[in-house]
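The structure appears right after this line, and notes come after that.
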Amino acid sequence: MVGEGFYPKSSGGRAELKRSLRSRWLQTFVALGLILVAFLIEGRAQTPIRIGQTIEGALEEGDRKMADGSYYDLYVFRGNRGQRIVVHLRSKDFQPYLTLLDENGVEILSDSGEHGHAHVRCTLAHSGRYFIRVNSVRREGKGRYQLQLLEQ
């Protein structure tokens with residue numbers, strides 16, 4: 001029969017080949033999906049901030065949204081194990097909500113602040129990337145803010 005040489009007789013023939021092709025297609029699809037997810041996660045940290053830097057920013061339409069519909073900006077910095085940092089977030093336009101996240105996106109600390117000022121102090125547990133999320137306590141919160149990352 002034509003094509004018999006392509007199907008090992010001891011391993012199930014055509015059915016085996018179909019399962020193998022389906023499995024490879026699924027593996028490729030999953031791998032591409034994981035690459036896309038990694039790209040999207042990596043893309044979220046588009047704004048680097050350095051120790052000692054102050055950034056003027058704004059929560060506005062077009063920014064990323066949290067599950068509750070509120071806007072947020074995300075910053076990334078490199079820290080060292082044992083390094084003591086403090087992050088300040090100030091705004092006259094909205095009540096700020098500040099979150100410090102580890103490189104896996106797990107929340108380390110957060111503060112809703114009061115009177116337009118939120119801050120967190122932390123001794124970093126690991127060397128690597130950390131994220132700072134600028135958000136508003138209220139869903140409709142928008143406006144200008146000042147973000148500052150300092151070493152203690």
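The way I read the labels, and the way they are meant: chains A, B, ... in the order of the structure tokens, residue 1 as the first residue of every chain, and ligand 1 as the first ligand shown, with later ones counted on from there.
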
**Item:** DSSP strand (DSSP E or B) selection over region 101-133 of chain A, as a ChimeraX atom specification
**Value:** /A:101,107-111,114,117-123,128-133

Serialized selection, C-alpha atoms, as a compact mmCIF listing (two decimals), in the first residue's frame:
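And here is the file that came out, out23.txt:
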```txt
# COMPACT_ATOMS: atom_id res chain seq x y z
CA LEU A 101 5.15 43.55 43.74
CA GLU A 107 2.04 41.66 46.20
CA ILE A 108 4.61 42.41 48.88
CA LEU A 109 3.12 45.59 50.40
CA SER A 110 0.44 48.13 49.61
CA ASP A 111 -0.84 51.39 51.05
CA GLU A 114 -4.41 59.43 53.16
CA HIS A 117 0.06 60.48 49.98
CA ALA A 118 0.69 56.73 49.98
CA HIS A 119 4.02 55.12 50.83
CA VAL A 120 5.61 51.74 51.48
CA ARG A 121 8.88 50.83 53.20
CA CYS A 122 10.51 47.49 52.58
CA THR A 123 13.72 45.53 52.96
CA GLY A 128 16.06 41.03 40.97
CA ARG A 129 13.19 42.92 39.42
CA TYR A 130 10.42 44.53 41.42
CA PHE A 131 7.29 46.32 40.25
CA ILE A 132 5.50 49.39 41.57
CA ARG A 133 1.82 49.75 40.69
```

**Request:** With a distance cut-off of 8 Å and only C-alpha atoms, select the neighbouring residues of Ile85 (chain A), excluding the residue or stretch itself and same-chain residues fewer than 2 positions from it, and output the selection as a PyMOL selection string.
**Result:** chain A and resi 83+87+121-124+149-152

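Of the listed residues A:Gly79, A:Gly57, A:Gly105, A:Gly116, the one whose atoms come nearest to Tyr145 (chain A) is A:Gly57, with distances taken using only C-alpha atoms.
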
**Message:** When you look at Gly62 (chain A) with a cut-off of 12 Å (counting only C-alpha atoms), what residues show up, excluding the ones that are within fewer than 6 positions of it in the same chain? I need them as JSON, numbers by chain.
**Reply:** {"A": [69, 70, 71, 72, 73, 142]}

Go through region 25-146 of chain A and collect every residue that DSSP, computed from the backbone, puts in alpha helix (DSSP H); the answer should be as a short mmCIF file (atom, residue, chain, number, x, y, z; two decimals) with N, CA and C atoms, in the first residue's frame.
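Result file is selection-v2.cif:
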```cif
data_model
loop_
_atom_site.label_atom_id
_atom_site.label_comp_id
_atom_site.auth_asym_id
_atom_site.auth_seq_id
_atom_site.Cartn_x
_atom_site.Cartn_y
_atom_site.Cartn_z
N TRP A 25 0.98 19.49 17.53
CA TRP A 25 0.25 20.72 17.24
C TRP A 25 -0.15 21.39 18.55
N LEU A 26 -0.66 20.60 19.48
CA LEU A 26 -1.07 21.14 20.78
C LEU A 26 0.13 21.71 21.54
N GLN A 27 1.25 21.00 21.52
CA GLN A 27 2.45 21.50 22.18
C GLN A 27 2.91 22.83 21.58
N THR A 28 2.87 22.91 20.25
CA THR A 28 3.26 24.15 19.57
C THR A 28 2.31 25.28 19.94
N PHE A 29 1.01 25.00 19.94
CA PHE A 29 0.00 26.00 20.28
C PHE A 29 0.21 26.50 21.71
N VAL A 30 0.42 25.58 22.65
CA VAL A 30 0.63 25.96 24.05
C VAL A 30 1.91 26.77 24.19
N ALA A 31 2.98 26.35 23.50
CA ALA A 31 4.24 27.09 23.57
C ALA A 31 4.08 28.50 23.04
N LEU A 32 3.38 28.66 21.92
CA LEU A 32 3.15 30.00 21.37
C LEU A 32 2.31 30.84 22.33
N GLY A 33 1.32 30.20 22.96
CA GLY A 33 0.50 30.91 23.94
C GLY A 33 1.32 31.39 25.12
N LEU A 34 2.22 30.55 25.61
CA LEU A 34 3.08 30.94 26.73
C LEU A 34 4.02 32.07 26.34
N ILE A 35 4.53 32.03 25.12
CA ILE A 35 5.39 33.11 24.64
C ILE A 35 4.60 34.41 24.59
N LEU A 36 3.36 34.35 24.10
CA LEU A 36 2.52 35.55 24.03
C LEU A 36 2.23 36.10 25.42
N VAL A 37 1.90 35.22 26.36
CA VAL A 37 1.63 35.66 27.73
C VAL A 37 2.88 36.31 28.33
N ALA A 38 4.04 35.68 28.14
CA ALA A 38 5.28 36.26 28.66
C ALA A 38 5.54 37.63 28.04
N PHE A 39 5.28 37.76 26.74
CA PHE A 39 5.47 39.04 26.06
C PHE A 39 4.54 40.11 26.64
N LEU A 40 3.28 39.74 26.87
CA LEU A 40 2.32 40.70 27.41
C LEU A 40 2.68 41.11 28.83
N ILE A 41 3.10 40.14 29.65
CA ILE A 41 3.50 40.46 31.02
C ILE A 41 4.72 41.37 30.99
N GLU A 42 5.70 41.01 30.18
CA GLU A 42 6.91 41.81 30.07
C GLU A 42 6.56 43.21 29.57
N GLY A 43 5.62 43.31 28.66
CA GLY A 43 5.23 44.60 28.10
C GLY A 43 4.57 45.52 29.11
N ARG A 44 4.04 44.96 30.18
CA ARG A 44 3.38 45.78 31.20
C ARG A 44 4.38 46.65 31.94
#
```

**Asked** Which polymer residues have any atom within 12 Å of an atom of Asp68 (chain A), counting only C-alpha atoms, with same-chain residues fewer than 2 positions away left out, as a PyMOL selection string?
**Response** chain A and resi 64-66+70-72+135-141

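Taking CA of Gln146 (chain A) and CA of Leu89 (chain A) as endpoints, the distance between them is 5.8 Å.
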